[in-house]
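As structure tokens, the structure follows; a few thoughts come after it.
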Amino acid sequence: MARRSLVLSFLLLAAMALPMSASQFVELPFDQVAREATVVVRATIGPVTSAWNDSHEVIFSTARVEVKDYIAGEGPSVILLREVGGTVDGYTQQAVGFPTLREGQEVVLFLTKWDDGSDWRIYAYNQGKYIVREVRSRELAMPDPVMQGDDDRTPNGPRVRSNAVQEAVGLTVDELEQMVRAARQAQPEGPRSH
């Protein structure tokens, strides 16, 4: 019993020693994500490029995003989207749990600006990215089944839901749009300056 207490005490001390600023992937309610995103867009991801930041510590992937429709908010028809992670000169950095940017994807994105205010990022990690697919003559919006680091955590490559499972969890794009608008109307309008 004393050994168990010693182990539990050690684990508690180790947990308290972790920096409070460490990223935590806490799943947020859909309504909160929809309200807190600065804009929500229906778009196509363009070519993706990756580069080191100025201090050569972090790789960022950047893509031009062609906006087809602003579901919430407003802005230009082309935006620059930047996410952590990518490959430069054969060196790959992955931010586990962050969304991946893949050229040509039809998506619905919940976006906010980076703290430096220059580029956009996907809000709430992978929760802010839906893939749009045509299934049986309907456009469905499904949570992106692949995120960075998935290929490192599974023995057979990235964890991807089967098409049958994706179809079962997908909403029509119209249903997703209605949910976004309802969530944003449920709270008094305030500045969304993320």
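Letters A, B, ... go to the chains of the structure tokens in the order shown; residues in each chain start at 1; ligands are counted from 1 in the same order.
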
Test item: residues at most 7 Å from Thr44 of chain A, only C-alpha atoms, excluding those fewer than 6 positions along its chain, as a list in words: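 So the residues in contact are Val65, Glu66, Val67, Gly104, Gln105, Glu106 and Val107 of chain A.
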
Could you state the separation of atom CA of Pro47 of chain A and atom CA of Glu103 of chain A in Å, given to one decimal place?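 Computing it gives 5.1 Å between the two atoms.
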